[in-house]
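With mmCIF, C-alpha atoms and all ligand atoms inside, this is entry_34.cif:
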```
data_query
#
loop_
_atom_site.group_PDB
_atom_site.id
_atom_site.type_symbol
_atom_site.label_atom_id
_atom_site.label_comp_id
_atom_site.auth_asym_id
_atom_site.auth_seq_id
_atom_site.Cartn_x
_atom_site.Cartn_y
_atom_site.Cartn_z
ATOM 1 C CA MET L 1 -21.748 -28.705 -102.522
ATOM 2 C CA SER L 2 -22.316 -25.742 -100.262
ATOM 3 C CA GLN L 3 -19.528 -25.729 -97.705
ATOM 4 C CA ALA L 4 -19.476 -24.775 -94.066
ATOM 5 C CA ASN L 5 -19.135 -21.220 -92.806
ATOM 6 C CA ASP L 6 -16.460 -19.260 -94.739
ATOM 7 C CA THR L 7 -13.788 -18.798 -92.087
ATOM 8 C CA THR L 8 -11.997 -16.053 -94.059
ATOM 9 C CA LYS L 9 -14.829 -13.630 -93.207
ATOM 10 C CA PRO L 10 -15.531 -12.331 -89.697
ATOM 11 C CA TYR L 11 -18.324 -14.441 -88.249
ATOM 12 C CA VAL L 12 -21.802 -12.925 -88.152
ATOM 13 C CA GLY L 13 -24.635 -14.992 -86.701
ATOM 14 C CA ARG L 14 -28.247 -14.199 -86.004
ATOM 15 C CA PHE L 15 -31.429 -15.163 -84.250
ATOM 16 C CA ALA L 16 -34.588 -14.526 -86.273
ATOM 17 C CA PRO L 17 -37.795 -14.940 -84.264
ATOM 18 C CA SER L 18 -41.273 -14.528 -85.730
ATOM 19 C CA PRO L 19 -43.418 -12.242 -83.558
ATOM 20 C CA THR L 20 -46.349 -14.634 -83.395
ATOM 21 C CA GLY L 21 -46.516 -14.832 -79.585
ATOM 22 C CA VAL L 22 -44.302 -15.034 -76.521
ATOM 23 C CA LEU L 23 -40.783 -16.421 -76.868
ATOM 24 C CA HIS L 24 -41.175 -20.153 -76.401
ATOM 25 C CA PHE L 25 -38.637 -22.666 -75.199
ATOM 26 C CA GLY L 26 -37.584 -23.967 -78.642
ATOM 27 C CA SER L 27 -36.779 -20.391 -79.627
ATOM 28 C CA LEU L 28 -34.790 -19.846 -76.446
ATOM 29 C CA VAL L 29 -32.689 -22.912 -77.292
ATOM 30 C CA ALA L 30 -32.061 -21.515 -80.792
ATOM 31 C CA ALA L 31 -31.180 -18.105 -79.351
ATOM 32 C CA VAL L 32 -28.753 -19.522 -76.759
ATOM 33 C CA GLY L 33 -27.202 -21.943 -79.279
ATOM 34 C CA SER L 34 -26.702 -19.308 -81.958
ATOM 35 C CA TYR L 35 -25.300 -16.845 -79.413
ATOM 36 C CA LEU L 36 -22.805 -19.343 -77.966
ATOM 37 C CA ARG L 37 -21.706 -20.366 -81.446
ATOM 38 C CA ALA L 38 -21.159 -16.721 -82.485
ATOM 39 C CA ARG L 39 -19.157 -15.977 -79.355
ATOM 40 C CA SER L 40 -17.085 -19.142 -79.795
ATOM 41 C CA GLN L 41 -16.109 -17.780 -83.211
ATOM 42 C CA ASN L 42 -15.407 -14.300 -81.776
ATOM 43 C CA GLY L 43 -18.285 -13.206 -83.952
ATOM 44 C CA ARG L 44 -21.193 -10.817 -83.824
ATOM 45 C CA TRP L 45 -24.733 -11.901 -83.056
ATOM 46 C CA LEU L 46 -27.740 -10.054 -84.441
ATOM 47 C CA ILE L 47 -31.454 -10.193 -83.748
ATOM 48 C CA ARG L 48 -33.819 -9.885 -86.703
ATOM 49 C CA VAL L 49 -37.565 -9.823 -86.191
ATOM 50 C CA GLU L 50 -39.273 -11.766 -88.982
ATOM 51 C CA ASP L 51 -42.416 -9.660 -89.120
ATOM 52 C CA LEU L 52 -43.468 -10.368 -92.676
ATOM 53 C CA ASP L 53 -46.766 -12.041 -91.911
ATOM 54 C CA PRO L 54 -49.125 -9.433 -90.373
ATOM 55 C CA PRO L 55 -52.075 -11.875 -90.215
ATOM 56 C CA ARG L 56 -50.068 -14.139 -87.868
ATOM 57 C CA GLU L 57 -48.412 -11.353 -85.912
ATOM 58 C CA VAL L 58 -49.433 -10.639 -82.324
ATOM 59 C CA PRO L 59 -49.242 -6.923 -81.426
ATOM 60 C CA GLY L 60 -46.454 -6.258 -78.950
ATOM 61 C CA ALA L 61 -44.942 -9.750 -79.375
ATOM 62 C CA ALA L 62 -41.690 -8.517 -80.948
ATOM 63 C CA GLU L 63 -41.011 -6.094 -78.068
ATOM 64 C CA GLU L 64 -41.914 -8.760 -75.535
ATOM 65 C CA GLN L 65 -39.613 -11.330 -77.168
ATOM 66 C CA ILE L 66 -36.744 -8.829 -77.258
ATOM 67 C CA ALA L 67 -37.319 -7.990 -73.577
ATOM 68 C CA THR L 68 -37.406 -11.712 -72.703
ATOM 69 C CA LEU L 69 -34.127 -12.292 -74.537
ATOM 70 C CA ALA L 70 -32.598 -9.358 -72.636
ATOM 71 C CA ARG L 71 -33.585 -10.998 -69.340
ATOM 72 C CA PHE L 72 -31.331 -13.883 -70.385
ATOM 73 C CA GLY L 73 -28.523 -11.467 -71.253
ATOM 74 C CA LEU L 74 -29.135 -11.929 -75.002
ATOM 75 C CA ARG L 75 -28.749 -8.552 -76.714
ATOM 76 C CA SER L 76 -28.151 -7.899 -80.392
ATOM 77 C CA ASP L 77 -24.729 -6.484 -81.309
ATOM 78 C CA ALA L 78 -26.457 -4.076 -83.741
ATOM 79 C CA PRO L 79 -29.858 -2.413 -83.511
ATOM 80 C CA VAL L 80 -32.575 -5.064 -83.853
ATOM 81 C CA SER L 81 -33.661 -5.240 -87.494
ATOM 82 C CA TYR L 82 -37.182 -5.798 -88.778
ATOM 83 C CA GLN L 83 -37.806 -7.669 -92.010
ATOM 84 C CA SER L 84 -40.811 -5.499 -92.781
ATOM 85 C CA ARG L 85 -38.388 -2.614 -93.287
ATOM 86 C CA SER L 86 -36.489 -4.277 -96.119
ATOM 87 C CA ALA L 87 -39.403 -4.474 -98.555
ATOM 88 C CA SER L 88 -37.435 -2.722 -101.308
ATOM 89 C CA LEU L 89 -34.700 -5.406 -101.118
ATOM 90 C CA HIS L 90 -37.298 -8.170 -101.258
ATOM 91 C CA ASP L 91 -39.028 -6.569 -104.260
ATOM 92 C CA LYS L 92 -35.717 -6.154 -106.056
ATOM 93 C CA ALA L 93 -34.857 -9.826 -105.530
ATOM 94 C CA LEU L 94 -38.325 -10.870 -106.685
ATOM 95 C CA LYS L 95 -37.930 -8.822 -109.851
ATOM 96 C CA GLN L 96 -34.481 -10.306 -110.492
ATOM 97 C CA LEU L 97 -35.881 -13.842 -110.215
ATOM 98 C CA LEU L 98 -38.803 -13.035 -112.518
ATOM 99 C CA ASP L 99 -36.494 -11.299 -115.010
ATOM 100 C CA ASN L 100 -34.029 -14.190 -115.156
ATOM 101 C CA LYS L 101 -36.932 -16.659 -115.553
ATOM 102 C CA SER L 102 -36.111 -18.452 -112.322
ATOM 103 C CA ALA L 103 -39.598 -17.536 -111.146
ATOM 104 C CA TYR L 104 -43.007 -17.077 -112.720
ATOM 105 C CA TRP L 105 -46.468 -15.794 -111.896
ATOM 106 C CA CYS L 106 -48.939 -18.461 -110.900
ATOM 107 C CA GLY L 107 -52.723 -18.319 -110.985
ATOM 108 C CA CYS L 108 -53.385 -21.401 -108.839
ATOM 109 C CA SER L 109 -54.808 -21.274 -105.365
ATOM 110 C CA ARG L 110 -54.669 -24.092 -102.838
ATOM 111 C CA ARG L 111 -57.893 -25.584 -104.221
ATOM 112 C CA HIS L 112 -56.179 -26.117 -107.585
ATOM 113 C CA LEU L 113 -53.498 -28.355 -106.055
ATOM 114 C CA PRO L 114 -53.730 -32.154 -106.252
ATOM 115 C CA PRO L 115 -54.431 -34.069 -103.004
ATOM 116 C CA ASP L 116 -50.718 -34.672 -102.378
ATOM 117 C CA GLY L 117 -50.247 -30.876 -102.188
ATOM 118 C CA ILE L 118 -47.337 -31.004 -104.646
ATOM 119 C CA TYR L 119 -47.632 -28.253 -107.194
ATOM 120 C CA PRO L 120 -47.616 -29.910 -110.639
ATOM 121 C CA GLY L 121 -46.207 -26.959 -112.575
ATOM 122 C CA THR L 122 -49.524 -25.783 -114.039
ATOM 123 C CA CYS L 123 -48.401 -22.181 -114.722
ATOM 124 C CA ARG L 124 -44.740 -22.872 -115.541
ATOM 125 C CA ASP L 125 -45.214 -21.984 -119.201
ATOM 126 C CA GLY L 126 -47.834 -19.274 -118.727
ATOM 127 C CA LEU L 127 -51.180 -18.838 -117.016
ATOM 128 C CA PRO L 128 -53.947 -21.177 -118.200
ATOM 129 C CA PRO L 129 -56.874 -19.300 -119.793
ATOM 130 C CA GLY L 130 -59.109 -17.605 -117.259
ATOM 131 C CA ARG L 131 -56.533 -17.545 -114.428
ATOM 132 C CA GLU L 132 -55.287 -14.274 -112.942
ATOM 133 C CA PRO L 133 -51.724 -13.960 -111.606
ATOM 134 C CA ARG L 134 -51.787 -14.482 -107.813
ATOM 135 C CA SER L 135 -48.508 -15.696 -106.451
ATOM 136 C CA VAL L 136 -44.931 -16.042 -107.694
ATOM 137 C CA ARG L 137 -43.238 -19.451 -107.676
ATOM 138 C CA LEU L 138 -39.584 -20.394 -107.965
ATOM 139 C CA ARG L 139 -38.909 -23.042 -110.622
ATOM 140 C CA THR L 140 -37.453 -26.244 -109.264
ATOM 141 C CA ASP L 141 -37.776 -28.498 -112.305
ATOM 142 C CA ASP L 142 -34.390 -27.386 -113.638
ATOM 143 C CA ALA L 143 -32.690 -27.512 -110.227
ATOM 144 C CA GLU L 144 -30.014 -29.934 -109.117
ATOM 145 C CA THR L 145 -30.142 -31.730 -105.798
ATOM 146 C CA GLU L 146 -28.735 -29.323 -103.218
ATOM 147 C CA CYS L 147 -26.183 -30.640 -100.738
ATOM 148 C CA PHE L 148 -24.567 -28.901 -97.820
ATOM 149 C CA VAL L 149 -22.444 -29.787 -94.834
ATOM 150 C CA ASP L 150 -24.226 -28.881 -91.629
ATOM 151 C CA VAL L 151 -21.922 -28.268 -88.683
ATOM 152 C CA ILE L 152 -24.002 -30.559 -86.459
ATOM 153 C CA GLN L 153 -26.152 -32.670 -88.797
ATOM 154 C CA GLY L 154 -23.379 -33.509 -91.255
ATOM 155 C CA GLU L 155 -23.969 -33.831 -94.991
ATOM 156 C CA TYR L 156 -27.558 -33.232 -96.061
ATOM 157 C CA CYS L 157 -28.851 -33.468 -99.622
ATOM 158 C CA ASP L 158 -32.302 -32.966 -101.027
ATOM 159 C CA HIS L 159 -34.031 -31.700 -104.115
ATOM 160 C CA PRO L 160 -35.487 -28.225 -103.536
ATOM 161 C CA GLY L 161 -38.768 -29.261 -105.161
ATOM 162 C CA ARG L 162 -39.289 -32.430 -103.131
ATOM 163 C CA ILE L 163 -41.619 -31.016 -100.515
ATOM 164 C CA GLY L 164 -44.085 -29.127 -102.698
ATOM 165 C CA GLY L 165 -42.665 -28.672 -106.181
ATOM 166 C CA ASP L 166 -42.088 -25.112 -107.443
ATOM 167 C CA PHE L 167 -42.449 -23.110 -104.252
ATOM 168 C CA ILE L 168 -44.057 -19.780 -103.483
ATOM 169 C CA ILE L 169 -41.797 -16.766 -102.986
ATOM 170 C CA ARG L 170 -44.568 -14.151 -103.142
ATOM 171 C CA ARG L 171 -47.887 -15.157 -101.699
ATOM 172 C CA GLY L 172 -51.344 -14.657 -103.178
ATOM 173 C CA ASP L 173 -51.977 -11.927 -100.595
ATOM 174 C CA GLY L 174 -48.943 -10.024 -101.886
ATOM 175 C CA LEU L 175 -46.654 -10.860 -98.950
ATOM 176 C CA ILE L 176 -43.098 -12.008 -99.583
ATOM 177 C CA ALA L 177 -42.727 -15.622 -98.481
ATOM 178 C CA TYR L 178 -40.266 -16.753 -95.821
ATOM 179 C CA GLN L 179 -38.057 -18.748 -98.253
ATOM 180 C CA LEU L 180 -37.190 -15.605 -100.211
ATOM 181 C CA ALA L 181 -37.132 -13.044 -97.398
ATOM 182 C CA VAL L 182 -34.832 -15.095 -95.185
ATOM 183 C CA VAL L 183 -32.238 -15.404 -97.957
ATOM 184 C CA VAL L 184 -32.386 -11.736 -98.965
ATOM 185 C CA ASP L 185 -32.061 -10.522 -95.370
ATOM 186 C CA ASP L 186 -29.352 -12.978 -94.327
ATOM 187 C CA ALA L 187 -27.337 -11.994 -97.408
ATOM 188 C CA ALA L 188 -27.933 -8.257 -96.926
ATOM 189 C CA THR L 189 -26.704 -8.354 -93.332
ATOM 190 C CA GLY L 190 -23.652 -10.473 -94.158
ATOM 191 C CA ILE L 191 -24.679 -13.490 -92.071
ATOM 192 C CA THR L 192 -21.864 -16.029 -92.407
ATOM 193 C CA GLU L 193 -23.612 -18.913 -90.667
ATOM 194 C CA VAL L 194 -27.289 -19.636 -90.011
ATOM 195 C CA VAL L 195 -27.893 -21.369 -86.670
ATOM 196 C CA ARG L 196 -31.497 -22.424 -86.048
ATOM 197 C CA GLY L 197 -33.696 -25.378 -85.128
ATOM 198 C CA ALA L 198 -33.555 -28.616 -87.119
ATOM 199 C CA ASP L 199 -37.262 -28.193 -87.893
ATOM 200 C CA LEU L 200 -35.991 -25.869 -90.646
ATOM 201 C CA LEU L 201 -33.430 -28.335 -92.008
ATOM 202 C CA ASP L 202 -35.697 -29.282 -94.914
ATOM 203 C CA SER L 203 -36.114 -25.610 -95.899
ATOM 204 C CA THR L 204 -32.383 -25.272 -96.476
ATOM 205 C CA PRO L 205 -32.245 -26.891 -99.971
ATOM 206 C CA ARG L 206 -34.933 -24.417 -101.119
ATOM 207 C CA GLN L 207 -32.994 -21.530 -99.642
ATOM 208 C CA LEU L 208 -29.775 -22.738 -101.282
ATOM 209 C CA LEU L 209 -31.572 -22.677 -104.617
ATOM 210 C CA VAL L 210 -32.705 -19.088 -103.951
ATOM 211 C CA TYR L 211 -29.080 -18.104 -103.179
ATOM 212 C CA ARG L 212 -27.970 -19.746 -106.401
ATOM 213 C CA ARG L 213 -30.645 -18.119 -108.560
ATOM 214 C CA LEU L 214 -29.863 -14.686 -107.079
ATOM 215 C CA GLY L 215 -26.125 -15.193 -107.662
ATOM 216 C CA LEU L 216 -25.395 -14.908 -103.924
ATOM 217 C CA SER L 217 -22.974 -17.062 -101.970
ATOM 218 C CA PRO L 218 -24.725 -19.019 -99.214
ATOM 219 C CA PRO L 219 -23.713 -18.982 -95.543
ATOM 220 C CA GLY L 220 -22.752 -22.025 -93.476
ATOM 221 C CA TRP L 221 -25.479 -23.953 -91.667
ATOM 222 C CA MET L 222 -25.904 -25.333 -88.180
ATOM 223 C CA HIS L 223 -29.208 -26.928 -87.214
ATOM 224 C CA LEU L 224 -29.817 -27.438 -83.510
ATOM 225 C CA PRO L 225 -31.814 -30.365 -82.113
ATOM 226 C CA VAL L 226 -35.573 -30.013 -81.871
ATOM 227 C CA VAL L 227 -36.826 -30.055 -78.287
ATOM 228 C CA THR L 228 -39.578 -32.507 -77.400
ATOM 229 C CA ASP L 229 -41.581 -33.405 -74.330
ATOM 230 C CA ASP L 230 -41.019 -36.754 -72.653
ATOM 231 C CA GLN L 231 -43.337 -38.462 -75.143
ATOM 232 C CA GLY L 232 -41.212 -37.267 -78.065
ATOM 233 C CA ARG L 233 -43.685 -34.590 -79.210
ATOM 234 C CA LYS L 234 -42.180 -31.324 -80.352
ATOM 235 C CA LEU L 235 -42.785 -28.648 -77.716
ATOM 236 C CA SER L 236 -45.332 -26.321 -79.161
ATOM 237 C CA LYS L 237 -46.014 -22.672 -78.591
ATOM 238 C CA SER L 238 -49.255 -23.574 -76.880
ATOM 239 C CA ASP L 239 -47.703 -25.763 -74.170
ATOM 240 C CA ASN L 240 -48.932 -24.419 -70.856
ATOM 241 C CA ASP L 241 -45.770 -25.550 -69.165
ATOM 242 C CA ASP L 242 -43.369 -23.636 -71.401
ATOM 243 C CA PRO L 243 -40.188 -23.359 -69.335
ATOM 244 C CA VAL L 244 -39.550 -19.789 -70.445
ATOM 245 C CA ALA L 245 -42.743 -18.524 -68.856
ATOM 246 C CA ALA L 246 -43.037 -21.039 -66.040
ATOM 247 C CA ARG L 247 -39.518 -20.793 -64.621
ATOM 248 C CA THR L 248 -36.929 -18.216 -63.563
ATOM 249 C CA PRO L 249 -34.356 -17.255 -66.221
ATOM 250 C CA SER L 250 -31.639 -19.286 -64.475
ATOM 251 C CA GLU L 251 -33.883 -22.395 -64.393
ATOM 252 C CA ALA L 252 -34.938 -21.950 -68.022
ATOM 253 C CA MET L 253 -31.303 -21.394 -68.984
ATOM 254 C CA ARG L 254 -30.293 -24.676 -67.335
ATOM 255 C CA LEU L 255 -32.907 -26.509 -69.431
ATOM 256 C CA ALA L 256 -31.845 -24.692 -72.612
ATOM 257 C CA LEU L 257 -28.214 -25.622 -72.003
ATOM 258 C CA ARG L 258 -29.277 -29.201 -71.254
ATOM 259 C CA ALA L 259 -31.063 -29.324 -74.615
ATOM 260 C CA LEU L 260 -27.789 -28.232 -76.193
ATOM 261 C CA GLY L 261 -25.827 -30.936 -74.343
ATOM 262 C CA HIS L 262 -24.152 -28.319 -72.143
ATOM 263 C CA GLU L 263 -25.522 -28.751 -68.658
ATOM 264 C CA PRO L 264 -23.219 -26.929 -66.215
ATOM 265 C CA PRO L 265 -21.995 -28.823 -63.133
ATOM 266 C CA ALA L 266 -24.306 -28.802 -60.088
ATOM 267 C CA GLY L 267 -23.657 -25.665 -58.111
ATOM 268 C CA THR L 268 -23.410 -23.440 -61.192
ATOM 269 C CA ARG L 269 -26.670 -21.732 -60.418
ATOM 270 C CA SER L 270 -26.823 -18.070 -61.319
ATOM 271 C CA LEU L 271 -27.475 -16.984 -64.859
ATOM 272 C CA ASP L 272 -24.078 -15.264 -65.040
ATOM 273 C CA ALA L 273 -22.246 -18.347 -63.777
ATOM 274 C CA GLN L 274 -24.065 -20.539 -66.308
ATOM 275 C CA TRP L 275 -23.168 -18.189 -69.154
ATOM 276 C CA GLN L 276 -19.567 -18.119 -68.083
ATOM 277 C CA TRP L 277 -19.387 -21.897 -67.856
ATOM 278 C CA ALA L 278 -21.177 -22.321 -71.206
ATOM 279 C CA ARG L 279 -18.891 -19.879 -72.988
ATOM 280 C CA GLU L 280 -15.793 -21.548 -71.597
ATOM 281 C CA ASN L 281 -17.007 -25.073 -72.337
ATOM 282 C CA PHE L 282 -18.908 -24.631 -75.588
ATOM 283 C CA ASP L 283 -18.130 -27.603 -77.778
ATOM 284 C CA LEU L 284 -19.980 -28.668 -80.941
ATOM 285 C CA GLN L 285 -19.344 -32.310 -80.099
ATOM 286 C CA ARG L 286 -21.623 -32.030 -77.089
ATOM 287 C CA ILE L 287 -24.650 -30.876 -79.099
ATOM 288 C CA PRO L 288 -27.028 -33.767 -79.863
ATOM 289 C CA ARG L 289 -28.073 -34.261 -83.478
ATOM 290 C CA GLY L 290 -31.499 -35.722 -82.973
ATOM 291 C CA PRO L 291 -34.511 -34.521 -80.997
ATOM 292 C CA VAL L 292 -33.926 -34.014 -77.269
ATOM 293 C CA ALA L 293 -36.315 -34.245 -74.347
ATOM 294 C CA VAL L 294 -35.342 -32.059 -71.423
ATOM 295 C CA GLY L 295 -37.774 -33.278 -68.815
ATOM 296 C CA VAL L 296 -40.556 -30.828 -69.512
ATOM 297 C CA HIS L 297 -44.052 -32.179 -68.963
ATOM 298 C CA PRO L 298 -46.747 -30.220 -70.747
ATOM 299 C CA ALA L 299 -49.794 -29.780 -68.525
HETATM 300 N N1 LIG N 301 -38.541 -16.941 -88.140
HETATM 301 C C1 LIG N 301 -38.338 -18.363 -88.099
HETATM 302 C C2 LIG N 301 -38.961 -18.936 -86.843
HETATM 303 O O1 LIG N 301 -39.211 -18.213 -85.885
HETATM 304 C C3 LIG N 301 -36.864 -18.736 -88.083
HETATM 305 C C4 LIG N 301 -36.269 -18.550 -89.399
HETATM 306 C C5 LIG N 301 -34.787 -18.902 -89.498
HETATM 307 O O2 LIG N 301 -34.080 -18.952 -88.482
HETATM 308 O O3 LIG N 301 -34.358 -19.102 -90.635
HETATM 309 O O4 LIG N 301 -39.224 -20.120 -86.829
#
```

As structure tokens, how would this structure be written, given the file I've shared?
Amino acid sequence: MSQANDTTKPYVGRFAPSPTGVLHFGSLVAAVGSYLRARSQNGRWLIRVEDLDPPREVPGAAEEQIATLARFGLRSDAPVSYQSRSASLHDKALKQLLDNKSAYWCGCSRRHLPPDGIYPGTCRDGLPPGREPRSVRLRTDDAETECFVDVIQGEYCDHPGRIGGDFIIRRGDGLIAYQLAVVVDDAATGITEVVRGADLLDSTPRQLLVYRRLGLSPPGWMHLPVVTDDQGRKLSKSDNDDPVAARTPSEAMRLALRALGHEPPAGTRSLDAQWQWARENFDLQRIPRGPVAVGVHPA
């Protein structure tokens, strides 16, 4: 079983936004939570822009997100890194996985998948006649169930192939897929613990398998609660009432801390005072496991 954060190494945490639009409230919660956790471990906190999907990228979004984070006092302890600049590392990892037969070229497109969307392993033993190589998939048929101990969610086990079978690590359009890039970049920057939203909890078994197949040791994991509106729907990027845009930083910070179970006492109003209180009182036990509603009403 993959264990929690290796406490013999100096802690390095990160926040890894995708530049697909403005920084939304769920991302702010992940940024504040990962920052507080890093500081509570006397660790470093890095920002990495996950700009590996040009079709989904919004021009200027990365700079705007970084500027928004700075307004909350959230600054990376090293120059902000960009995933698009580590293409040679991604290619090397891809080659290693193909060479050690953990991955294979696949000639199927979405229209070849069965209705349940689970890839049935069509190209595992070679491309069927008439198919051209398109994407690269990681084999999951020979994988064990992956288990890890999440700092907040507790023990979590799943089979890496459960969601979609052998999963794509290089897309048909030639782009490196998130599941591979995130592992390569976290490992290359020495991240000791990944702190992010629980919407990515079910990606973790796939990422653990990638670590294993690349011979890398995985980090610890801490998945923060997903934020919902009062009806229990996950706040989406399109919510008109996103607290980050609709409120002052100190008001948005209060809501972010509330989502993390760390609402400062009444009277702690300024951003600086809230940070100080949160750093002094940060306690994992306060962080809810399940989804949290913070009193935001989408318009
Ligand atoms: N880039 C992903 C997102 O914005 C986060 C990836 C991660 O933290 O592993 O949802």

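Going from atom CA of L:Gly232 over to atom CA of L:Gly295, you cover 10.6 Å.
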
### Task
For ligand LIG 301 (chain N), list the contacting residues at 10 Å or closer, counting all atoms listed in the file, as a ChimeraX atom specification.
/L:14-20,23-24,26-27,30-31,34,48-52,178-179,181-183,186,194-201,203-204,207,223

## Note on the structure
atom CA of L:Lys92 to atom CA of L:Trp105 measures 15.6 Å

### Task
Name every residue that the PyMOL selection byres (((chain L and resi 177) around 12) and not hetatm) selects in this structure, writing the answer as a PyMOL selection string with chains first and numbers rising.
chain L and resi 50-53+83-84+87+90-91+94+135-138+167-176+178-184+207+210

Restricting the output to C-alpha atoms, write the selected residues as an mmCIF file, keeping the file's coordinate frame.
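See again11.cif below for the written result:
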```cif
data_model
loop_
_atom_site.group_PDB
_atom_site.id
_atom_site.type_symbol
_atom_site.label_atom_id
_atom_site.label_comp_id
_atom_site.auth_asym_id
_atom_site.auth_seq_id
_atom_site.Cartn_x
_atom_site.Cartn_y
_atom_site.Cartn_z
ATOM 1 C CA GLU L 50 -39.273 -11.766 -88.982
ATOM 2 C CA ASP L 51 -42.416 -9.660 -89.120
ATOM 3 C CA LEU L 52 -43.468 -10.368 -92.676
ATOM 4 C CA ASP L 53 -46.766 -12.041 -91.911
ATOM 5 C CA GLN L 83 -37.806 -7.669 -92.010
ATOM 6 C CA SER L 84 -40.811 -5.499 -92.781
ATOM 7 C CA ALA L 87 -39.403 -4.474 -98.555
ATOM 8 C CA HIS L 90 -37.298 -8.170 -101.258
ATOM 9 C CA ASP L 91 -39.028 -6.569 -104.260
ATOM 10 C CA LEU L 94 -38.325 -10.870 -106.685
ATOM 11 C CA SER L 135 -48.508 -15.696 -106.451
ATOM 12 C CA VAL L 136 -44.931 -16.042 -107.694
ATOM 13 C CA ARG L 137 -43.238 -19.451 -107.676
ATOM 14 C CA LEU L 138 -39.584 -20.394 -107.965
ATOM 15 C CA PHE L 167 -42.449 -23.110 -104.252
ATOM 16 C CA ILE L 168 -44.057 -19.780 -103.483
ATOM 17 C CA ILE L 169 -41.797 -16.766 -102.986
ATOM 18 C CA ARG L 170 -44.568 -14.151 -103.142
ATOM 19 C CA ARG L 171 -47.887 -15.157 -101.699
ATOM 20 C CA GLY L 172 -51.344 -14.657 -103.178
ATOM 21 C CA ASP L 173 -51.977 -11.927 -100.595
ATOM 22 C CA GLY L 174 -48.943 -10.024 -101.886
ATOM 23 C CA LEU L 175 -46.654 -10.860 -98.950
ATOM 24 C CA ILE L 176 -43.098 -12.008 -99.583
ATOM 25 C CA TYR L 178 -40.266 -16.753 -95.821
ATOM 26 C CA GLN L 179 -38.057 -18.748 -98.253
ATOM 27 C CA LEU L 180 -37.190 -15.605 -100.211
ATOM 28 C CA ALA L 181 -37.132 -13.044 -97.398
ATOM 29 C CA VAL L 182 -34.832 -15.095 -95.185
ATOM 30 C CA VAL L 183 -32.238 -15.404 -97.957
ATOM 31 C CA VAL L 184 -32.386 -11.736 -98.965
ATOM 32 C CA GLN L 207 -32.994 -21.530 -99.642
ATOM 33 C CA VAL L 210 -32.705 -19.088 -103.951
#
```

### Query
Taking the file as shown, what set of residues would the PyMOL selection byres (((chain L and resi 61) around 8) and not hetatm) give back, as a PyMOL selection string?
chain L and resi 19-22+57-60+62-65

Can I get the selection written as an mmCIF file, in the frame of the given file, with C-alpha atoms?
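Produced file part_27.cif, reproduced below:
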```cif
data_model
loop_
_atom_site.group_PDB
_atom_site.id
_atom_site.type_symbol
_atom_site.label_atom_id
_atom_site.label_comp_id
_atom_site.auth_asym_id
_atom_site.auth_seq_id
_atom_site.Cartn_x
_atom_site.Cartn_y
_atom_site.Cartn_z
ATOM 1 C CA PRO L 19 -43.418 -12.242 -83.558
ATOM 2 C CA THR L 20 -46.349 -14.634 -83.395
ATOM 3 C CA GLY L 21 -46.516 -14.832 -79.585
ATOM 4 C CA VAL L 22 -44.302 -15.034 -76.521
ATOM 5 C CA GLU L 57 -48.412 -11.353 -85.912
ATOM 6 C CA VAL L 58 -49.433 -10.639 -82.324
ATOM 7 C CA PRO L 59 -49.242 -6.923 -81.426
ATOM 8 C CA GLY L 60 -46.454 -6.258 -78.950
ATOM 9 C CA ALA L 62 -41.690 -8.517 -80.948
ATOM 10 C CA GLU L 63 -41.011 -6.094 -78.068
ATOM 11 C CA GLU L 64 -41.914 -8.760 -75.535
ATOM 12 C CA GLN L 65 -39.613 -11.330 -77.168
#
```

### Task
Give me the result of the PyMOL selection byres (((chain L and resi 115-128) around 8) and not hetatm) on this file, residue by residue, as a list of chain:residue names.
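Going through the file, the PyMOL selection byres (((chain L and resi 115-128) around 8) and not hetatm) ends up selecting L:Tyr104, L:Trp105, L:Cys106, L:Gly107, L:Cys108, L:Leu113, L:Pro114, L:Pro129, L:Gly130, L:Arg131, L:Glu132, L:Pro133, L:Arg139, L:Ile163, L:Gly164, L:Gly165, L:Asp166, L:Phe167.
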
### Query
What does the distance between atom CA of L:Glu155 and atom CA of L:Ala93 come to in Å, to one decimal place?
28.4 Å

### Query
What's the 8 Å shell around L:Leu209, counting all atoms listed in the file, without same-chain residues fewer than 3 positions away, as a VMD selection string?
chain L and resid 143 146 160 205 to 206 212 to 213

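Using all atoms listed in the file, the nearest neighbour of L:Glu193 within the list L:Thr7, L:Arg75, L:Met1, L:Ser270 is L:Thr7.
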
Point (-20.2, -23.0, -78.8), cut-off 6 Å, counting all atoms listed in the file, residues as a short mmCIF file (atom, residue, chain, number, x, y, z; two decimals) with C-alpha atoms, keeping the file's coordinate frame:
```cif
data_model
loop_
_atom_site.label_atom_id
_atom_site.label_comp_id
_atom_site.auth_asym_id
_atom_site.auth_seq_id
_atom_site.Cartn_x
_atom_site.Cartn_y
_atom_site.Cartn_z
CA LEU L 36 -22.80 -19.34 -77.97
CA ARG L 37 -21.71 -20.37 -81.45
CA SER L 40 -17.08 -19.14 -79.80
CA PHE L 282 -18.91 -24.63 -75.59
CA ASP L 283 -18.13 -27.60 -77.78
#
```

### Query
So, counting only C-alpha atoms, which residue among L:Gly215, L:Trp45, L:Pro288, L:Ser81 is closest to L:Leu97?
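Result for the nearest residue to L:Leu97: L:Gly215.
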
### Message
Under the rule that all atoms listed in the file are counted, which of L:Arg162, L:Thr68, L:Gln96, L:Gln41 is the nearest residue to L:Ala252?
### Response
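Of L:Arg162, L:Thr68, L:Gln96, L:Gln41, the one nearest L:Ala252 is L:Thr68, counting all atoms listed in the file.
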